[in-house]
file run11.cif (mmCIF, C-alpha atoms)
data_query
#
loop_
_atom_site.label_atom_id
_atom_site.label_comp_id
_atom_site.auth_asym_id
_atom_site.auth_seq_id
_atom_site.Cartn_x
_atom_site.Cartn_y
_atom_site.Cartn_z
CA MET A 1 84.64 109.84 109.45
CA LYS A 2 86.88 106.77 109.84
CA ARG A 3 86.74 105.05 113.25
CA VAL A 4 90.13 103.68 114.33
CA THR A 5 91.45 101.51 117.14
CA VAL A 6 95.16 101.96 117.86
CA LEU A 7 97.01 98.99 119.33
CA GLY A 8 100.29 99.99 120.94
CA ALA A 9 99.24 103.63 121.21
CA THR A 10 101.99 104.64 123.63
CA GLY A 11 104.92 103.50 121.46
CA SER A 12 106.71 105.62 118.87
CA VAL A 13 104.46 104.71 115.94
CA GLY A 14 101.34 104.84 118.11
CA ARG A 15 102.15 108.35 119.34
CA ASN A 16 102.76 109.51 115.78
CA THR A 17 99.49 107.91 114.69
CA LEU A 18 97.56 109.85 117.32
CA ASP A 19 99.35 113.03 116.31
CA VAL A 20 98.12 112.52 112.75
CA VAL A 21 94.59 111.73 113.90
CA GLU A 22 94.45 114.73 116.22
CA ASN A 23 95.41 117.01 113.34
CA HIS A 24 92.58 115.57 111.23
CA ARG A 25 89.72 115.20 113.69
CA ASP A 26 87.25 115.91 110.92
CA ARG A 27 88.28 112.63 109.25
CA PHE A 28 89.26 110.23 112.05
CA GLU A 29 87.75 109.21 115.39
CA VAL A 30 89.69 107.11 117.92
CA VAL A 31 87.43 104.46 119.46
CA GLY A 32 90.06 102.19 121.06
CA LEU A 33 93.55 102.50 122.57
CA SER A 34 95.92 99.93 124.02
CA ALA A 35 99.21 100.13 125.89
CA GLY A 36 101.76 97.69 127.25
CA ARG A 37 102.88 99.27 130.54
CA ASN A 38 102.90 103.03 129.98
CA VAL A 39 99.53 103.73 131.59
CA ASP A 40 100.37 107.32 132.47
CA LEU A 41 100.64 108.18 128.79
CA LEU A 42 97.64 106.00 127.97
CA GLN A 43 95.55 107.95 130.48
CA ALA A 44 96.65 111.25 128.92
CA GLN A 45 95.82 109.92 125.45
CA SER A 46 92.42 108.69 126.57
CA GLU A 47 91.64 112.12 128.00
CA ARG A 48 92.18 113.58 124.52
CA HIS A 49 89.90 110.88 123.12
CA PRO A 50 87.15 110.54 125.73
CA GLY A 51 85.09 108.16 123.58
CA ALA A 52 87.83 105.56 123.33
CA MET A 53 87.82 102.26 125.20
CA ILE A 54 91.18 101.10 126.54
CA ALA A 55 93.16 97.89 127.15
CA VAL A 56 96.46 97.31 128.97
CA GLN A 57 98.60 94.25 128.29
CA ASP A 58 100.48 94.32 131.60
CA GLU A 59 98.16 93.26 134.42
CA GLU A 60 100.04 95.07 137.20
CA ALA A 61 100.10 98.29 135.19
CA HIS A 62 96.37 97.97 134.55
CA GLU A 63 95.68 97.53 138.26
CA ALA A 64 97.77 100.60 139.04
CA LEU A 65 95.86 102.62 136.46
CA VAL A 66 92.35 101.85 137.70
CA LYS A 67 93.49 102.31 141.30
CA ALA A 68 95.00 105.74 140.60
CA ALA A 69 92.20 106.80 138.23
CA PRO A 70 88.98 104.90 139.10
CA GLU A 71 87.11 106.75 136.37
CA MET A 72 89.16 104.76 133.82
CA ASN A 73 87.63 101.50 135.01
CA SER A 74 84.38 102.13 133.14
CA ARG A 75 86.30 102.53 129.87
CA SER A 76 88.70 99.62 130.37
CA ILE A 77 88.29 96.32 128.56
CA GLY A 78 90.77 94.68 130.92
CA SER A 79 94.35 93.45 130.81
CA GLY A 80 96.50 90.79 129.18
CA ASP A 81 96.94 89.85 125.54
CA GLU A 82 93.33 88.65 125.41
CA ALA A 83 92.21 92.22 126.10
CA LEU A 84 93.55 93.24 122.68
CA ILE A 85 91.15 90.81 121.04
CA THR A 86 88.27 92.04 123.19
CA LEU A 87 89.11 95.65 122.37
CA VAL A 88 88.76 94.92 118.65
CA ASP A 89 85.49 93.06 119.29
CA LYS A 90 83.99 95.82 121.43
CA THR A 91 85.01 98.78 119.29
CA ARG A 92 84.45 97.21 115.82
CA PRO A 93 86.38 100.03 114.11
CA ASP A 94 86.67 100.74 110.42
CA LEU A 95 90.43 100.31 110.77
CA VAL A 96 92.77 98.73 113.32
CA VAL A 97 96.16 100.43 113.46
CA ASN A 98 98.62 97.82 114.74
CA CYS A 99 101.64 99.60 116.25
CA LEU A 100 102.60 96.73 118.53
CA VAL A 101 106.16 95.45 118.65
CA GLY A 102 106.90 91.75 118.37
CA PHE A 103 105.09 88.46 117.91
CA ALA A 104 102.25 89.55 120.22
CA GLY A 105 100.83 91.62 117.36
CA LEU A 106 99.98 88.60 115.20
CA ARG A 107 96.83 87.35 116.92
CA PRO A 108 94.93 90.68 117.04
CA THR A 109 95.85 91.26 113.39
CA LEU A 110 94.44 87.89 112.40
CA HIS A 111 91.34 88.49 114.51
CA ALA A 112 90.60 91.89 112.98
CA LEU A 113 91.05 90.54 109.45
CA SER A 114 88.77 87.58 110.19
CA LEU A 115 86.05 90.08 111.16
CA GLY A 116 86.48 91.90 107.86
CA ILE A 117 88.22 94.87 109.52
CA GLY A 118 91.15 96.38 107.64
CA VAL A 119 94.50 96.61 109.41
CA ALA A 120 97.08 99.35 108.95
CA ILE A 121 100.18 97.56 110.17
CA ALA A 122 103.53 98.70 111.48
CA ASN A 123 104.01 95.37 113.30
CA LYS A 124 106.36 93.74 110.79
CA GLU A 125 106.90 90.71 113.03
CA SER A 126 103.27 89.66 112.43
CA ILE A 127 103.75 89.50 108.68
CA VAL A 128 107.11 87.76 108.98
CA ALA A 129 105.83 85.08 111.36
CA GLY A 130 102.41 84.58 109.78
CA GLY A 131 102.49 86.12 106.32
CA GLU A 132 100.83 83.28 104.45
CA LEU A 133 98.09 82.92 107.07
CA LEU A 134 97.47 86.68 107.18
CA MET A 135 97.22 86.95 103.39
CA ARG A 136 94.85 84.00 103.24
CA THR A 137 92.64 85.45 105.99
CA ALA A 138 92.59 88.88 104.32
CA LYS A 139 91.64 87.35 100.98
CA GLU A 140 88.83 85.32 102.51
CA SER A 141 87.33 88.27 104.41
CA GLY A 142 88.06 90.99 101.86
CA ALA A 143 89.73 93.13 104.54
CA PRO A 144 92.80 95.06 103.38
CA ILE A 145 96.25 94.95 104.96
CA ILE A 146 97.77 98.42 104.62
CA PRO A 147 101.46 98.95 105.39
CA ILE A 148 102.60 101.81 107.62
CA ASP A 149 106.37 101.33 107.39
CA SER A 150 107.75 104.13 105.23
CA GLU A 151 109.46 101.63 102.91
CA HIS A 152 106.31 99.67 102.09
CA VAL A 153 104.21 102.80 101.85
CA ALA A 154 106.76 104.00 99.29
CA VAL A 155 106.54 100.75 97.31
CA ASP A 156 102.74 100.91 97.43
CA GLN A 157 102.80 104.41 95.96
CA CYS A 158 105.33 103.52 93.27
CA LEU A 159 103.31 100.48 92.21
CA ARG A 160 100.02 102.35 91.80
CA GLY A 161 99.31 102.19 88.09
CA CYS A 162 101.98 99.56 87.43
CA ARG A 163 101.23 96.09 86.15
CA ARG A 164 102.87 93.17 87.92
CA GLU A 165 104.68 92.18 84.73
CA ASP A 166 106.21 95.67 84.54
CA ILE A 167 108.25 95.17 87.72
CA LYS A 168 111.91 94.24 87.36
CA MET A 169 113.17 95.01 90.88
CA VAL A 170 112.02 96.62 94.12
CA TYR A 171 114.71 98.42 96.12
CA ILE A 172 114.11 98.84 99.86
CA THR A 173 116.32 101.57 101.24
CA ALA A 174 118.10 101.36 104.59
CA SER A 175 119.80 104.10 106.58
CA GLY A 176 122.41 101.56 107.66
CA GLY A 177 121.65 102.19 111.32
CA SER A 178 123.77 103.58 114.08
CA LEU A 179 126.88 101.50 113.31
CA ARG A 180 127.06 101.87 109.53
CA ASP A 181 130.44 103.66 109.69
CA THR A 182 131.87 101.85 112.72
CA PRO A 183 134.90 99.71 111.82
CA ILE A 184 133.82 96.07 111.68
CA GLU A 185 136.54 95.05 114.13
CA ASP A 186 134.99 97.42 116.70
CA LEU A 187 131.52 95.84 116.62
CA GLU A 188 132.53 93.35 119.32
CA THR A 189 132.85 96.17 121.85
CA VAL A 190 130.22 98.77 120.87
CA THR A 191 128.20 100.17 123.76
CA ARG A 192 124.45 100.09 124.21
CA GLU A 193 124.40 103.88 123.86
CA GLU A 194 126.19 103.70 120.50
CA VAL A 195 123.78 101.07 119.18
CA LEU A 196 120.70 103.06 120.23
CA ALA A 197 121.91 106.34 118.72
CA HIS A 198 120.09 106.08 115.39
CA PRO A 199 121.31 108.73 112.92
CA THR A 200 117.93 109.48 111.32
CA TRP A 201 114.86 108.02 113.01
CA ASN A 202 113.58 108.24 116.58
CA MET A 203 112.26 104.76 117.31
CA GLY A 204 111.91 102.31 120.18
CA ASP A 205 114.91 100.37 121.48
CA LYS A 206 114.07 97.04 119.84
CA ILE A 207 113.53 98.55 116.40
CA THR A 208 116.69 100.64 116.73
CA VAL A 209 118.76 97.53 117.48
CA ASP A 210 117.16 95.78 114.50
CA SER A 211 118.20 98.76 112.39
CA ALA A 212 121.79 98.48 113.60
CA THR A 213 121.92 94.77 112.66
CA LEU A 214 119.89 95.38 109.48
CA LEU A 215 117.63 92.55 110.58
CA ASN A 216 114.80 95.03 110.18
CA LYS A 217 115.46 95.17 106.43
CA GLY A 218 115.40 91.39 106.24
CA LEU A 219 111.99 91.49 107.88
CA GLU A 220 110.91 94.18 105.42
CA VAL A 221 111.99 92.03 102.46
CA ILE A 222 109.78 89.23 103.78
CA GLU A 223 106.96 91.75 104.33
CA ALA A 224 107.26 93.06 100.77
CA HIS A 225 107.20 89.49 99.45
CA TRP A 226 103.81 88.92 101.09
CA LEU A 227 102.26 92.38 100.83
CA PHE A 228 102.98 92.84 97.13
CA ASP A 229 103.10 89.17 96.03
CA LEU A 230 106.67 89.57 94.77
CA PRO A 231 109.31 86.86 94.30
CA LEU A 232 112.17 87.22 96.77
CA ASP A 233 114.71 87.59 93.95
CA ARG A 234 112.96 90.79 92.86
CA ILE A 235 113.52 92.56 96.18
CA ARG A 236 116.85 94.09 97.15
CA VAL A 237 118.14 96.21 100.03
CA VAL A 238 120.35 99.24 99.37
CA ILE A 239 122.02 101.57 101.87
CA HIS A 240 120.78 105.17 101.57
CA PRO A 241 122.17 107.18 104.53
CA GLN A 242 120.02 110.28 104.02
CA SER A 243 116.66 108.43 104.39
CA ILE A 244 115.00 110.70 101.84
CA ILE A 245 114.15 108.05 99.23
CA HIS A 246 112.12 105.43 101.05
CA SER A 247 111.95 102.80 98.30
CA MET A 248 112.33 102.49 94.54
CA VAL A 249 110.81 100.33 91.83
CA GLU A 250 112.75 99.48 88.67
CA LEU A 251 110.56 98.67 85.66
CA GLN A 252 111.21 96.46 82.65
CA ASP A 253 112.26 99.42 80.50
CA ASN A 254 115.01 100.18 83.09
CA SER A 255 113.32 103.33 84.36
CA ILE A 256 113.16 103.72 88.14
CA LEU A 257 110.34 105.21 90.21
CA ALA A 258 111.24 106.57 93.64
CA GLN A 259 109.11 107.87 96.50
CA MET A 260 110.78 110.71 98.39
CA GLY A 261 109.98 112.60 101.55
CA LEU A 262 111.36 113.86 104.82
CA PRO A 263 112.12 111.12 107.39
CA ASP A 264 108.93 111.75 109.38
CA MET A 265 106.81 108.71 110.29
CA ARG A 266 103.68 110.83 110.27
CA LEU A 267 103.81 111.08 106.47
CA PRO A 268 103.46 107.33 105.75
CA ILE A 269 100.96 107.04 108.62
CA LEU A 270 98.80 109.75 107.05
CA TYR A 271 98.96 107.94 103.71
CA ALA A 272 98.02 104.61 105.31
CA LEU A 273 95.09 106.07 107.25
CA SER A 274 93.65 108.03 104.34
CA ARG A 275 94.46 105.65 101.46
CA PRO A 276 93.33 105.75 98.66
CA ASP A 277 92.68 109.46 99.22
CA ARG A 278 95.30 112.18 99.56
CA ILE A 279 94.51 114.77 102.17
CA PRO A 280 96.22 118.10 102.88
CA THR A 281 98.54 118.27 105.87
CA ASP A 282 100.35 120.88 107.93
CA LEU A 283 103.40 118.63 108.26
CA ALA A 284 106.72 120.01 107.03
CA ARG A 285 106.78 120.25 103.26
CA SER A 286 109.37 118.19 101.38
CA ARG A 287 111.28 120.92 99.57
CA ILE A 288 113.61 119.33 97.06
CA SER A 289 116.02 122.25 97.13
CA ASP A 290 116.54 121.66 100.86
CA PHE A 291 117.29 117.96 100.53
CA PRO A 292 120.86 116.82 101.20
CA ASP A 293 122.92 115.13 98.52
CA LEU A 294 121.55 111.64 97.95
CA SER A 295 123.87 108.64 97.93
CA PHE A 296 123.55 104.88 97.77
CA ARG A 297 125.79 101.90 98.38
CA GLU A 298 125.56 98.13 98.41
CA VAL A 299 125.06 96.28 101.68
CA ASP A 300 128.28 94.97 103.23
CA GLU A 301 127.33 91.39 104.14
CA ALA A 302 130.22 91.08 106.58
CA ARG A 303 128.94 94.08 108.54
CA TYR A 304 125.31 92.95 108.47
CA PRO A 305 125.15 89.14 108.78
CA CYS A 306 121.59 89.34 110.14
CA LEU A 307 120.31 90.45 106.75
CA GLY A 308 121.75 87.32 105.15
CA LEU A 309 120.14 85.17 107.83
CA ALA A 310 116.76 86.80 107.18
CA LEU A 311 117.06 86.16 103.45
CA ARG A 312 118.05 82.55 104.17
CA ALA A 313 114.95 82.09 106.33
CA ALA A 314 112.77 83.65 103.64
CA ARG A 315 114.13 81.32 100.96
CA GLU A 316 113.76 78.22 103.13
CA GLY A 317 110.16 79.11 103.95
CA ALA A 318 107.92 76.92 106.13
CA ASN A 319 108.43 77.99 109.77
CA ARG A 320 111.90 79.46 109.22
CA PRO A 321 110.78 83.12 109.22
CA THR A 322 109.00 82.47 112.53
CA VAL A 323 112.18 80.94 113.97
CA LEU A 324 114.13 83.95 112.68
CA ASN A 325 111.76 86.42 114.30
CA SER A 326 111.47 84.61 117.63
CA ALA A 327 115.23 84.07 117.94
CA ASN A 328 115.84 87.73 117.13
CA GLU A 329 113.33 88.91 119.74
CA MET A 330 115.06 86.74 122.35
CA ALA A 331 118.54 87.86 121.30
CA VAL A 332 117.68 91.57 121.20
CA GLY A 333 115.89 91.33 124.54
CA ALA A 334 118.96 89.70 126.05
CA TYR A 335 121.21 92.33 124.48
CA LEU A 336 119.16 95.22 125.86
CA ALA A 337 119.23 93.54 129.27
CA GLY A 338 123.03 93.38 129.11
CA ARG A 339 123.26 89.58 129.00
CA VAL A 340 124.84 89.18 125.53
CA SER A 341 127.01 91.32 123.26
CA PHE A 342 125.90 93.05 120.07
CA VAL A 343 127.60 90.49 117.81
CA ASP A 344 125.98 87.65 119.76
CA ILE A 345 122.65 88.62 118.19
CA HIS A 346 123.44 87.13 114.79
CA ARG A 347 125.12 84.10 116.38
CA ILE A 348 121.97 83.30 118.37
CA ILE A 349 119.77 83.68 115.28
CA GLU A 350 122.03 81.51 113.11
CA ASN A 351 122.27 78.78 115.73
CA SER A 352 118.49 78.75 116.11
CA LEU A 353 117.95 78.45 112.36
CA ASP A 354 120.42 75.56 112.33
CA ASN A 355 118.85 73.66 115.22
CA VAL A 356 115.12 74.41 115.63
CA PRO A 357 113.27 71.79 113.52
CA SER A 358 111.60 72.86 110.29
CA ARG A 359 107.87 72.31 109.88
CA GLU A 360 105.12 73.59 107.61
CA ILE A 361 102.82 76.37 108.82
CA GLU A 362 99.12 75.73 108.31
CA THR A 363 97.42 77.30 111.33
CA PHE A 364 97.94 79.97 113.96
CA GLU A 365 98.69 77.19 116.45
CA ASP A 366 101.60 76.03 114.25
CA ILE A 367 103.09 79.52 114.49
CA VAL A 368 102.58 79.66 118.26
CA GLU A 369 104.26 76.27 118.69
CA THR A 370 107.26 77.28 116.58
CA ASP A 371 107.57 80.52 118.52
CA ALA A 372 107.47 78.69 121.85
CA THR A 373 109.93 76.04 120.68
CA THR A 374 112.39 78.66 119.44
CA ARG A 375 112.21 80.72 122.63
CA ALA A 376 112.68 77.62 124.77
CA TYR A 377 115.67 76.54 122.68
CA THR A 378 117.43 79.93 122.81
CA ARG A 379 116.70 80.29 126.53
CA LYS A 380 118.27 76.92 127.31
CA ARG A 381 121.11 77.02 124.76
CA PHE A 382 122.28 80.55 125.53
CA GLN A 383 121.02 80.98 129.09
CA ILE A 384 119.02 84.09 128.22
#

call {"tool": "encode", "arguments": {"input": "run11.cif", "output": "structure tokens"}}
result
Amino acid sequence: MKRVTVLGATGSVGRNTLDVVENHRDRFEVVGLSAGRNVDLLQAQSERHPGAMIAVQDEEAHEALVKAAPEMNSRSIGSGDEALITLVDKTRPDLVVNCLVGFAGLRPTLHALSLGIGVAIANKESIVAGGELLMRTAKESGAPIIPIDSEHVAVDQCLRGCRREDIKMVYITASGGSLRDTPIEDLETVTREEVLAHPTWNMGDKITVDSATLLNKGLEVIEAHWLFDLPLDRIRVVIHPQSIIHSMVELQDNSILAQMGLPDMRLPILYALSRPDRIPTDLARSRISDFPDLSFREVDEARYPCLGLALRAAREGANRPTVLNSANEMAVGAYLAGRVSFVDIHRIIENSLDNVPSREIETFEDIVETDATTRAYTRKRFQI
């Protein structure tokens, strides 16, 4: 029985994680749950897992929860970002499943690893902003970092049994997002509804926007660099509209290994939770004869300038990935609030990379300072 604490349980990945757990109650026990604001769903989840302690990041939402359901008070750790740390401390699970979105996921990930607790992570922003620090902490404590993103789960599976020197190239596949076939000249005027209409995956708004800009794939390249200790020039992004092949690994003899499966987040989540075991599942079977025709194409850099900016940040190193991530979070937040246009997202990121000072990252505080500096700069410069 593996005891798990799920951070960000009410989001898309968190809900899928609990679906997997609830279909394998003989293997997994939920001992902790956190939410941002969606306390109604959190309460329903906690009723299905009566032994779980809870934490709520939003203080007003937490107050509303314990007022409406006083019985939850005895199970609540409290509210605010600090409550996430306390939840990990109090539950001491075998595995923390980090489904949080954004920079806020970095500190609880670092904390869990420092305690020797493994982290299954869908919070790519943590690895982008603090990859070197996370890897160092994991190495010192011996706690594993296990990817949940379908692309990195695919790479992990393809690399099992491969020697590092066998690897020629890793290909991370991308659906291309909601605007992959929109004429470039029309991107200036696309609507919020068009951007959020992802053709394959059902994800949260922020991740869906990142998919439309392909910034998410830039983050995934940086993730793969850290997770698999790969040089950046051995990682490429390729457009694969059908989302059946989740990643590929080309070996020195020019053969290519590919991991395939239906576009269902529960499959990589199941792998991450049960790794290194394989356990039977009632999820839809991947029947090859039912798959659509598979196609691939190179990334159009003019359509997806955010990918180029992410690769630039990765090559420059130091605090540049943190600047990239923080500027993107600010830009996407402003876009979803209707304050900037879709094409302004890459302009805000590029301007931030050009103007926020570079500095080396040694500690968590260095990352926090860069994040704060970047957010302050974008807020003042772009009035967002």

call {"tool": "closest_residue", "arguments": {"input": "run11.cif", "among": "A:Asp277, A:Thr213, A:Arg297, A:Ile222", "to": "His346 (chain A)", "atoms": "all atoms listed in the file"}}
result
A:Thr213

call {"tool": "atom_distance", "arguments": {"input": "run11.cif", "atom1": "CA of Arg236 (chain A)", "atom2": "CA of Leu179 (chain A)"}}
result
20.4 Å

call {"tool": "residues_near_point", "arguments": {"input": "run11.cif", "point": "(106.5, 107.2, 101.5)", "cutoff": "8 Å", "atoms": "all atoms listed in the file", "output": "ChimeraX atom specification"}}
result
/A:150-155,157,246-247,259-261,267-268,271

call {"tool": "write_last_selection", "arguments": {"input": "run11.cif", "atoms": "C-alpha atoms", "output": "PDB file, in the frame of the given file"}}
result
ATOM      1  CA  SER A 150     107.750 104.130 105.230  1.00  0.00           C
ATOM      2  CA  GLU A 151     109.460 101.630 102.910  1.00  0.00           C
ATOM      3  CA  HIS A 152     106.310  99.670 102.090  1.00  0.00           C
ATOM      4  CA  VAL A 153     104.210 102.800 101.850  1.00  0.00           C
ATOM      5  CA  ALA A 154     106.760 104.000  99.290  1.00  0.00           C
ATOM      6  CA  VAL A 155     106.540 100.750  97.310  1.00  0.00           C
ATOM      7  CA  GLN A 157     102.800 104.410  95.960  1.00  0.00           C
ATOM      8  CA  HIS A 246     112.120 105.430 101.050  1.00  0.00           C
ATOM      9  CA  SER A 247     111.950 102.800  98.300  1.00  0.00           C
ATOM     10  CA  GLN A 259     109.110 107.870  96.500  1.00  0.00           C
ATOM     11  CA  MET A 260     110.780 110.710  98.390  1.00  0.00           C
ATOM     12  CA  GLY A 261     109.980 112.600 101.550  1.00  0.00           C
ATOM     13  CA  LEU A 267     103.810 111.080 106.470  1.00  0.00           C
ATOM     14  CA  PRO A 268     103.460 107.330 105.750  1.00  0.00           C
ATOM     15  CA  TYR A 271      98.960 107.940 103.710  1.00  0.00           C
TER      16      TYR A 271
END

call {"tool": "closest_residue", "arguments": {"input": "run11.cif", "among": "A:Pro276, A:Gly142, A:Gly51, A:Gly218", "to": "Asn325 (chain A)", "atoms": "all atoms listed in the file"}}
result
A:Gly218

call {"tool": "closest_residue", "arguments": {"input": "run11.cif", "among": "A:Asp58, A:Asp371, A:Asp233, A:Asp210", "to": "Leu307 (chain A)", "atoms": "only C-alpha atoms"}}
result
A:Asp210

call {"tool": "resolve_selection", "arguments": {"input": "run11.cif", "expression": "the PyMOL selection byres ((chain A and resi 349) around 8)", "output": "PyMOL selection string"}}
result
chain A and resi 306+309+324+327-328+331+345-348+350-353

call {"tool": "closest_residue", "arguments": {"input": "run11.cif", "among": "A:Ser341, A:Thr370, A:Gln242, A:Asn216", "to": "Ile384 (chain A)", "atoms": "only C-alpha atoms"}}
result
A:Ser341

call {"tool": "residues_around", "arguments": {"input": "run11.cif", "residues": "Ala55 (chain A)", "least_positions_apart": "5", "cutoff": "6 Å", "atoms": "only C-alpha atoms", "output": "list of chain:residue names"}}
result
A:Ser34, A:Ser76, A:Ile77, A:Gly78, A:Ser79, A:Ala83

call {"tool": "write_last_selection", "arguments": {"input": "run11.cif", "atoms": "C-alpha atoms", "output": "short mmCIF file (atom, residue, chain, number, x, y, z; two decimals), in the frame of the given file"}}
result
data_model
loop_
_atom_site.label_atom_id
_atom_site.label_comp_id
_atom_site.auth_asym_id
_atom_site.auth_seq_id
_atom_site.Cartn_x
_atom_site.Cartn_y
_atom_site.Cartn_z
CA SER A 34 95.92 99.93 124.02
CA SER A 76 88.70 99.62 130.37
CA ILE A 77 88.29 96.32 128.56
CA GLY A 78 90.77 94.68 130.92
CA SER A 79 94.35 93.45 130.81
CA ALA A 83 92.21 92.22 126.10
#

call {"tool": "resolve_selection", "arguments": {"input": "run11.cif", "expression": "the PyMOL selection byres ((chain A and resi 121) around 9)", "output": "list in words"}}
result
Val96, Val97, Asn98, Cys99, Leu100, Thr109, Val119, Ala120, Ala122, Asn123, Lys124, Ser126, Ile127, Ile145, Ile146, Pro147, Ile148, Asp149 and Ala272 of chain A

call {"tool": "closest_residue", "arguments": {"input": "run11.cif", "among": "A:Val343, A:Ala9, A:Met248, A:Leu110", "to": "Pro305 (chain A)", "atoms": "all atoms listed in the file"}}
result
A:Val343

call {"tool": "atom_distance", "arguments": {"input": "run11.cif", "atom1": "CA of Ala318 (chain A)", "atom2": "CA of Glu360 (chain A)"}}
result
4.6 Å

call {"tool": "residues_around", "arguments": {"input": "run11.cif", "residues": "Ser326 (chain A)", "least_positions_apart": "5", "cutoff": "8 Å", "atoms": "all atoms listed in the file", "output": "PDB file with C-alpha atoms, in the frame of the given file"}}
result
ATOM      1  CA  PHE A 103     105.090  88.460 117.910  1.00  0.00           C
ATOM      2  CA  ASP A 371     107.570  80.520 118.520  1.00  0.00           C
ATOM      3  CA  THR A 374     112.390  78.660 119.440  1.00  0.00           C
ATOM      4  CA  ARG A 375     112.210  80.720 122.630  1.00  0.00           C
TER       5      ARG A 375
END

call {"tool": "residues_near_point", "arguments": {"input": "run11.cif", "point": "(111.9, 97.7, 87.8)", "cutoff": "7 Å", "atoms": "all atoms listed in the file", "output": "compact mmCIF listing (two decimals) with C-alpha atoms, in the coordinates of the input"}}
result
# COMPACT_ATOMS: atom_id res chain seq x y z
CA ASP A 166 106.21 95.67 84.54
CA ILE A 167 108.25 95.17 87.72
CA LYS A 168 111.91 94.24 87.36
CA MET A 169 113.17 95.01 90.88
CA VAL A 170 112.02 96.62 94.12
CA VAL A 249 110.81 100.33 91.83
CA GLU A 250 112.75 99.48 88.67
CA LEU A 251 110.56 98.67 85.66
CA GLN A 252 111.21 96.46 82.65
CA ASN A 254 115.01 100.18 83.09
CA SER A 255 113.32 103.33 84.36
CA ILE A 256 113.16 103.72 88.14

call {"tool": "decode", "arguments": {"input": "run11.cif", "residues": "region 46-50 of chain A", "atoms": "all heavy atoms", "output": "PDB file, in the first residue's frame"}}
result
ATOM      1  N   SER A  46     -12.582  14.735  -0.179  1.00  0.00           N
ATOM      2  CA  SER A  46     -12.210  14.305   1.160  1.00  0.00           C
ATOM      3  C   SER A  46     -13.225  13.329   1.745  1.00  0.00           C
ATOM      4  O   SER A  46     -12.877  12.475   2.569  1.00  0.00           O
ATOM      5  CB  SER A  46     -12.053  15.515   2.077  1.00  0.00           C
ATOM      6  OG  SER A  46     -13.285  16.180   2.266  1.00  0.00           O
ATOM      7  N   GLU A  47     -14.474  13.442   1.301  1.00  0.00           N
ATOM      8  CA  GLU A  47     -15.481  12.481   1.753  1.00  0.00           C
ATOM      9  C   GLU A  47     -15.208  11.089   1.177  1.00  0.00           C
ATOM     10  O   GLU A  47     -15.528  10.078   1.819  1.00  0.00           O
ATOM     11  CB  GLU A  47     -16.872  12.966   1.346  1.00  0.00           C
ATOM     12  CG  GLU A  47     -17.341  14.177   2.160  1.00  0.00           C
ATOM     13  CD  GLU A  47     -18.618  14.784   1.613  1.00  0.00           C
ATOM     14  OE1 GLU A  47     -19.108  14.294   0.559  1.00  0.00           O
ATOM     15  OE2 GLU A  47     -19.123  15.759   2.212  1.00  0.00           O
ATOM     16  N   ARG A  48     -14.621  11.033  -0.004  1.00  0.00           N
ATOM     17  CA  ARG A  48     -14.251   9.730  -0.583  1.00  0.00           C
ATOM     18  C   ARG A  48     -12.972   9.186   0.033  1.00  0.00           C
ATOM     19  O   ARG A  48     -12.675   8.000  -0.108  1.00  0.00           O
ATOM     20  CB  ARG A  48     -14.086   9.857  -2.106  1.00  0.00           C
ATOM     21  CG  ARG A  48     -15.359  10.305  -2.827  1.00  0.00           C
ATOM     22  CD  ARG A  48     -15.286   9.993  -4.314  1.00  0.00           C
ATOM     23  NE  ARG A  48     -14.151  10.589  -4.983  1.00  0.00           N
ATOM     24  CZ  ARG A  48     -14.151  11.804  -5.538  1.00  0.00           C
ATOM     25  NH1 ARG A  48     -15.234  12.564  -5.457  1.00  0.00           N
ATOM     26  NH2 ARG A  48     -13.084  12.256  -6.153  1.00  0.00           N
ATOM     27  N   HIS A  49     -12.219  10.074   0.698  1.00  0.00           N
ATOM     28  CA  HIS A  49     -10.966   9.670   1.340  1.00  0.00           C
ATOM     29  C   HIS A  49     -10.974  10.203   2.772  1.00  0.00           C
ATOM     30  O   HIS A  49     -10.280  11.168   3.106  1.00  0.00           O
ATOM     31  CB  HIS A  49      -9.767  10.208   0.547  1.00  0.00           C
ATOM     32  CG  HIS A  49      -9.733   9.733  -0.869  1.00  0.00           C
ATOM     33  ND1 HIS A  49      -9.251   8.491  -1.225  1.00  0.00           N
ATOM     34  CD2 HIS A  49     -10.171  10.319  -2.013  1.00  0.00           C
ATOM     35  CE1 HIS A  49      -9.368   8.341  -2.536  1.00  0.00           C
ATOM     36  NE2 HIS A  49      -9.919   9.421  -3.033  1.00  0.00           N
ATOM     37  N   PRO A  50     -11.766   9.593   3.628  1.00  0.00           N
ATOM     38  CA  PRO A  50     -12.010  10.142   4.971  1.00  0.00           C
ATOM     39  C   PRO A  50     -10.775  10.190   5.866  1.00  0.00           C
ATOM     40  O   PRO A  50     -10.791  10.879   6.882  1.00  0.00           O
ATOM     41  CB  PRO A  50     -13.081   9.208   5.544  1.00  0.00           C
ATOM     42  CG  PRO A  50     -12.979   7.954   4.738  1.00  0.00           C
ATOM     43  CD  PRO A  50     -12.551   8.370   3.372  1.00  0.00           C
TER      44      PRO A  50
END
